[in-house]
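Written below as structure tokens is the structure these notes are about.
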Amino acid sequence: MNTSTDQAADRRTVTEVSTTNTDTVQLASSARSAVLMDADTGTIIYEKNSNDRLPPASITKIMTMLLAMEAIQDGKIKWDDKVSTSEYAASMGGSQIFLEPGEEMSVRDMLKGVAMASGNDASVAIAEKIAGSEQAFVQLMNEKAKKLGMNNTNFVNCNGLPANNHYTSAHDIAIMSRELLKYPEVTKFTGAYEDYLRQHTDKKFWLVNTNKLVRFYSGADGLKTGYTSEAKYCLSATAKRDNLRVVAVVLGEPNTKTRNAEVTQMFDYAFAQYMNVPLLKKGDRIGEVQIEKGMQSKLELKAEQPYHLLLKKGASKDKVRFELSAPESLSAPIAKGQSIGKIVVYQGEQVIREIPVESDRDIAKAGWWTLLKRATSKLFFVND
């Protein structure tokens, strides 16, 4: 791989560049809408009516689980914290784990009930634990959707029960599914076929995953099913083989048999046609930018996570290279998370991926005394 540095900053919006031709194959013929996405790069492998606004049923719970995982990561709640069931949460109909008013379960067990049994009652209970009320939690859901660029989504509740103006799209579902998969712990629930709640009590409750693919498709470990009479049969599924993880979303399927068969076909197509090729390991050096009038004189840029490329099987890896597109220098102060530039990945002369690069630290503006000492030291530096 070759690296070089652009002379000027490129401030355009960074986007994933698709390397696929979605017109060459027809998948999910019975679905109203569908998307097949590479989870690592966000590249769309196949799509059909992917931006149509449709009712998502219980696939809504992917966002509920995502906000719960974020709350755990941020220390707002802990896995073993007790969640108390309100009368409102216990009143939810449809799929449930039959929570009683006042009943307490751990965050872990509540999430298990959401992920495996699609518990509407458990979804509301965890929402109330995080935000105080379902209404406040739904506001967080919509804020997160906006932040993720889910432009065809509006949530009205946290569980997907039928409601006016509650909609999303297959593309948006793939986006939030990809985001949830950044928390690998969640697949311990979504990928399990069976488990139990209320163990060691006389109310032991058997959970069987509503997503049968986790049992019958090799590599499948999530994510969420959905059904209402309006939405029909829906599924956001994920599977991983070797280095390739894909997300397949179908909405509006006529029955579970067709839904599972068409998602299986989408998985088979992805794993037969594509491969994930390592580009950068976490910590790999990307380049550096000079910092003017900062407490540090330069910022070394490193990969914050492993990066891969989605390529067609049989494609040459030798022609893949990347360049750092960033300014030679920036003026302090620099904020952690500030956009610095991007990595532009080429296959031959074609751009196939663009990866944003951000500062991994704060760099304060230097005071006059620091700048004076720095200038003075240069005056007496002798280059042999």
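Chain labels A, B, ... are given in the sequence in which chains occur in the structure tokens; within each chain residues are numbered consecutively from 1, and ligands are likewise numbered from 1 in the order shown.
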Subject >> range 156-275 of chain A: residues DSSP assigns to helix (DSSP H, G or I), reported as an MDAnalysis selection string >> reply: chainID A and resid 170:180 184:190 213:216 256:273
**OP:** Enumerate as a ChimeraX atom specification all residues of range 82-287 of chain A assigned to strand (DSSP E) by DSSP on the backbone, naming them with the chain letters and numbers the document uses.
**Re:** /A:82-84,104-106,194-197,205-208,220-228,232-241,244-253,274-280,285-287
Subject >> range 346-351 of chain A environment, 6 Å, only C-alpha atoms, sequence neighbours closer than 2 positions dropped, as a PyMOL selection string >> reply: chain A and resi 319-322+353
Keeping only C-alpha atoms, write those residues as a compact mmCIF listing (two decimals), in the first residue's frame.
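The result, stored in selection-v7.txt:
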# COMPACT_ATOMS: atom_id res chain seq x y z
CA LYS A 319 -3.97 -2.71 -7.11
CA VAL A 320 -5.46 -1.54 -3.80
CA ARG A 321 -3.77 1.50 -2.24
CA PHE A 322 -4.75 4.37 0.02
CA ARG A 353 -13.88 3.74 -0.04
Original post:
What does the distance from CA of Asp362 in chain A to CA of Gly337 in chain A come to in Å, to one decimal?
Top reply: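 If I compute the distance from CA of Asp362 in chain A to CA of Gly337 in chain A, I get 8.4 Å.
The closest residue to Ala220 in chain A, picked from A:Ala237, A:Met69, A:Ile77, A:Val25 and counting only C-alpha atoms, is A:Ala237.
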Original post:
Between A:Gln265, A:Ser84, A:Asn154, A:Asn243, which is the closest to Val124 in chain A once you count only C-alpha atoms?
Top reply: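 Once distances to Val124 in chain A are computed over only C-alpha atoms, the minimum belongs to A:Ser84.
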**OP:** Determine, counting only C-alpha atoms, which protein, DNA and RNA residues have an atom within 7 Å of an atom of range 205-210 of chain A; residues of the same chain fewer than 4 positions away are not included. Present the result as a PyMOL selection string.
**Re:** chain A and resi 116-117+192-198+225
